[in-house]
Structures are given as C-alpha cells and as structure tokens.
>>> print(open('data33.cif').read())   # mmCIF, C-alpha atoms
data_structure
loop_
_atom_site.label_atom_id
_atom_site.label_comp_id
_atom_site.auth_asym_id
_atom_site.auth_seq_id
_atom_site.Cartn_x
_atom_site.Cartn_y
_atom_site.Cartn_z
CA GLY G 1 -42.61 32.45 -13.79
CA LYS G 2 -42.96 28.71 -13.95
CA ASP G 3 -40.10 28.16 -16.37
CA GLY G 4 -37.77 30.98 -15.22
CA LEU G 5 -37.87 32.72 -18.59
CA ASP G 6 -40.33 35.58 -17.96
CA PHE G 7 -37.70 38.32 -17.84
CA TYR G 8 -36.08 37.01 -21.03
CA ARG G 9 -39.46 37.16 -22.75
CA ARG G 10 -39.87 40.75 -21.62
CA ILE G 11 -36.37 41.72 -22.75
CA ILE G 12 -36.97 40.13 -26.14
CA GLN G 13 -40.35 41.83 -26.60
CA GLU G 14 -39.41 45.28 -25.31
CA GLY G 15 -35.65 45.41 -25.81
CA ARG G 16 -35.89 46.19 -29.51
CA ASN G 17 -37.47 49.53 -28.63
CA TYR G 18 -34.21 50.64 -26.99
CA LEU G 19 -31.76 49.57 -29.67
CA ALA G 20 -30.23 51.42 -32.60
CA PRO G 21 -30.94 49.82 -36.00
CA HIS G 22 -29.20 46.44 -36.17
CA GLY G 23 -28.26 46.75 -32.49
CA PHE G 24 -27.66 43.75 -30.29
CA ILE G 25 -28.48 42.39 -26.86
CA ALA G 26 -26.21 40.08 -24.87
CA MET G 27 -27.97 38.16 -22.11
CA GLU G 28 -26.38 35.99 -19.47
CA VAL G 29 -28.51 32.90 -18.90
CA GLY G 30 -28.71 30.09 -16.39
CA ILE G 31 -27.53 26.55 -16.95
CA GLY G 32 -29.65 24.88 -19.62
CA GLN G 33 -31.49 28.08 -20.63
CA ALA G 34 -29.44 29.23 -23.64
CA ARG G 35 -31.30 27.21 -26.27
CA GLN G 36 -34.68 28.10 -24.79
CA VAL G 37 -33.88 31.82 -24.83
CA ALA G 38 -32.50 31.55 -28.37
CA ASP G 39 -35.72 29.85 -29.50
CA LEU G 40 -37.85 32.57 -27.90
CA ALA G 41 -35.83 35.25 -29.67
CA GLU G 42 -36.04 33.62 -33.08
CA LYS G 43 -39.76 32.98 -32.75
CA SER G 44 -40.31 36.66 -31.88
CA GLY G 45 -39.34 37.70 -35.39
CA TYR G 46 -37.36 40.66 -34.00
CA PHE G 47 -33.94 39.07 -33.54
CA ILE G 48 -31.55 36.53 -34.94
CA VAL G 49 -29.22 34.60 -32.66
CA SER G 50 -25.71 35.81 -33.50
CA GLU G 51 -23.87 33.62 -31.07
CA ILE G 52 -24.13 31.53 -27.94
CA VAL G 53 -20.96 31.90 -25.86
CA LYS G 54 -19.74 29.24 -23.46
CA ASP G 55 -18.12 30.04 -20.13
CA TYR G 56 -14.78 28.59 -19.05
CA GLY G 57 -16.59 25.49 -17.81
CA GLY G 58 -18.06 24.82 -21.26
CA ILE G 59 -21.60 25.85 -20.23
CA GLU G 60 -23.63 27.92 -22.70
CA ARG G 61 -23.83 31.15 -20.71
CA VAL G 62 -24.40 34.19 -22.97
CA VAL G 63 -26.92 34.54 -25.80
CA ILE G 64 -26.18 37.35 -28.25
CA LEU G 65 -29.16 38.56 -30.26
CA THR G 66 -28.95 40.93 -33.23
CA GLN G 67 -31.95 43.00 -34.23
CA LYS G 68 -33.31 42.23 -37.70
#
>>> encode(input="data33.cif", output="structure tokens")
Amino acid sequence: GKDGLDFYRRIIQEGRNYLAPHGFIAMEVGIGQARQVADLAEKSGYFIVSEIVKDYGGIERVVILTQK
C-alpha cells in the first residue's frame, strides 16, 4: 500500500482469530514503523501494546501485541 502498513493492518484485524485467549503477536517492523503499527493495534480495540523492542542498533524493531 501507499504507507507500507497494509500487511500489519491485516495481521491486526485477522490475527486475533488465530490466537488463544490473551495470546500475543510479535511483529518485526521497518525503520520508523513501530509507533505507527502500535497505534493501529491500539485503535483496533483488539490488542494492547505490551512492548516495543529495540535492535542492537537502538532502532525500534519488534512490536509485541497482547490480545485483550
């Protein structure tokens, strides 16, 4: 898509259907995308952002979402 987040939107919308209760999803993201993906997840109402993990270079690289 235009902003590079289409697959994250799909994972957020459909991923909950594949999780056990209170399950989690960990998604690797591109540079500068962590906060955008976290916002999408929180706005969905299905997940809370448990953690954003930085790589060894200090870049926010993994967004961990926990199902509500």
>>> resolve_selection(input="data33.cif", expression="the PyMOL selection byres ((chain G and resi 54) around 12)", output="list in words")
Glu28, Val29, Gly30, Ile31, Gly32, Ala34, Glu51, Ile52, Val53, Asp55, Tyr56, Gly57, Gly58, Ile59, Glu60, Arg61, Val62, Val63 and Ile64 of chain G
>>> closest_residue(input="data33.cif", among="G:Ile25, G:Asp3, G:Tyr18, G:Leu65", to="Ala38 of chain G", atoms="all atoms listed in the file")
G:Leu65
>>> closest_residue(input="data33.cif", among="G:Thr66, G:Ile12, G:Leu19, G:Gly1", to="Lys43 of chain G", atoms="only C-alpha atoms")
G:Ile12
>>> resolve_selection(input="data33.cif", expression="the PyMOL selection byres ((chain G and resi 68) around 8)", output="list in words")
His22, Gly45, Tyr46, Phe47, Ile48, Thr66 and Gln67 of chain G
>>> atom_distance(input="data33.cif", atom1="atom CA of Val49 of chain G", atom2="atom CA of Pro21 of chain G")
15.7 Å
>>> atom_distance(input="data33.cif", atom1="atom CA of Asp6 of chain G", atom2="atom CA of Gln36 of chain G")
11.6 Å
>>> residues_around(input="data33.cif", residues="Arg9 of chain G", least_positions_apart="4", cutoff="10 Å", atoms="all atoms listed in the file", output="NGL selection string")
:G and (4-5 or 13-15 or 37 or 40-41 or 44)
>>> decode(input="data33.cif", residues="chain G", atoms="C-alpha atoms", output="mmCIF file, in the first residue's frame")
data_model
loop_
_atom_site.group_PDB
_atom_site.id
_atom_site.type_symbol
_atom_site.label_atom_id
_atom_site.label_comp_id
_atom_site.auth_asym_id
_atom_site.auth_seq_id
_atom_site.Cartn_x
_atom_site.Cartn_y
_atom_site.Cartn_z
ATOM 1 C CA GLY G 1 0.000 0.000 0.000
ATOM 2 C CA LYS G 2 0.909 3.651 0.000
ATOM 3 C CA ASP G 3 2.241 3.713 3.548
ATOM 4 C CA GLY G 4 3.717 0.184 3.716
ATOM 5 C CA LEU G 5 1.414 -0.880 6.542
ATOM 6 C CA ASP G 6 -1.230 -2.940 4.706
ATOM 7 C CA PHE G 7 0.022 -6.317 5.920
ATOM 8 C CA TYR G 8 0.238 -5.049 9.501
ATOM 9 C CA ARG G 9 -3.376 -3.902 9.257
ATOM 10 C CA ARG G 10 -4.374 -7.350 8.036
ATOM 11 C CA ILE G 11 -2.426 -9.113 10.780
ATOM 12 C CA ILE G 12 -4.010 -6.885 13.409
ATOM 13 C CA GLN G 13 -7.534 -7.407 12.060
ATOM 14 C CA GLU G 14 -7.312 -11.143 11.388
ATOM 15 C CA GLY G 15 -4.572 -12.302 13.736
ATOM 16 C CA ARG G 16 -6.812 -12.359 16.792
ATOM 17 C CA ASN G 17 -8.792 -15.184 15.186
ATOM 18 C CA TYR G 18 -5.748 -17.456 15.421
ATOM 19 C CA LEU G 19 -4.705 -16.743 18.991
ATOM 20 C CA ALA G 20 -5.511 -18.455 22.268
ATOM 21 C CA PRO G 21 -7.176 -16.189 24.848
ATOM 22 C CA HIS G 22 -4.719 -13.498 25.919
ATOM 23 C CA GLY G 23 -2.283 -14.662 23.237
ATOM 24 C CA PHE G 24 0.285 -12.378 21.681
ATOM 25 C CA ILE G 25 1.732 -11.417 18.325
ATOM 26 C CA ALA G 26 5.314 -10.235 17.809
ATOM 27 C CA MET G 27 5.869 -8.355 14.557
ATOM 28 C CA GLU G 28 9.163 -7.220 13.125
ATOM 29 C CA VAL G 29 8.762 -3.771 11.582
ATOM 30 C CA GLY G 30 10.774 -1.476 9.352
ATOM 31 C CA ILE G 31 12.650 1.597 10.477
ATOM 32 C CA GLY G 32 10.212 4.227 11.712
ATOM 33 C CA GLN G 33 7.160 1.933 11.607
ATOM 34 C CA ALA G 34 6.967 0.728 15.223
ATOM 35 C CA ARG G 35 4.874 3.608 16.566
ATOM 36 C CA GLN G 36 2.561 3.535 13.559
ATOM 37 C CA VAL G 37 1.926 -0.199 13.953
ATOM 38 C CA ALA G 38 1.423 0.225 17.709
ATOM 39 C CA ASP G 39 -1.152 2.965 17.059
ATOM 40 C CA LEU G 40 -3.016 0.771 14.559
ATOM 41 C CA ALA G 41 -3.143 -2.063 17.082
ATOM 42 C CA GLU G 42 -4.408 0.096 19.929
ATOM 43 C CA LYS G 43 -7.044 1.744 17.754
ATOM 44 C CA SER G 44 -8.308 -1.694 16.678
ATOM 45 C CA GLY G 45 -9.574 -2.392 20.180
ATOM 46 C CA TYR G 46 -8.301 -5.986 19.967
ATOM 47 C CA PHE G 47 -4.780 -5.583 21.334
ATOM 48 C CA ILE G 48 -2.671 -3.671 23.782
ATOM 49 C CA VAL G 49 0.967 -2.921 23.033
ATOM 50 C CA SER G 50 2.983 -4.959 25.534
ATOM 51 C CA GLU G 51 6.385 -3.845 24.401
ATOM 52 C CA ILE G 52 8.402 -2.309 21.604
ATOM 53 C CA VAL G 53 11.834 -3.936 21.429
ATOM 54 C CA LYS G 54 14.885 -2.182 20.015
ATOM 55 C CA ASP G 55 17.524 -3.961 17.969
ATOM 56 C CA TYR G 56 21.240 -3.757 18.762
ATOM 57 C CA GLY G 57 21.424 -0.505 16.806
ATOM 58 C CA GLY G 58 18.795 1.122 19.030
ATOM 59 C CA ILE G 59 16.086 1.028 16.334
ATOM 60 C CA GLU G 60 12.550 0.087 17.398
ATOM 61 C CA ARG G 61 12.261 -3.213 15.546
ATOM 62 C CA VAL G 62 9.677 -5.543 17.162
ATOM 63 C CA VAL G 63 6.166 -4.661 18.308
ATOM 64 C CA ILE G 64 4.628 -7.128 20.760
ATOM 65 C CA LEU G 65 0.837 -7.050 20.958
ATOM 66 C CA THR G 66 -1.231 -8.859 23.584
ATOM 67 C CA GLN G 67 -4.836 -9.762 22.895
ATOM 68 C CA LYS G 68 -7.351 -8.069 25.196
#
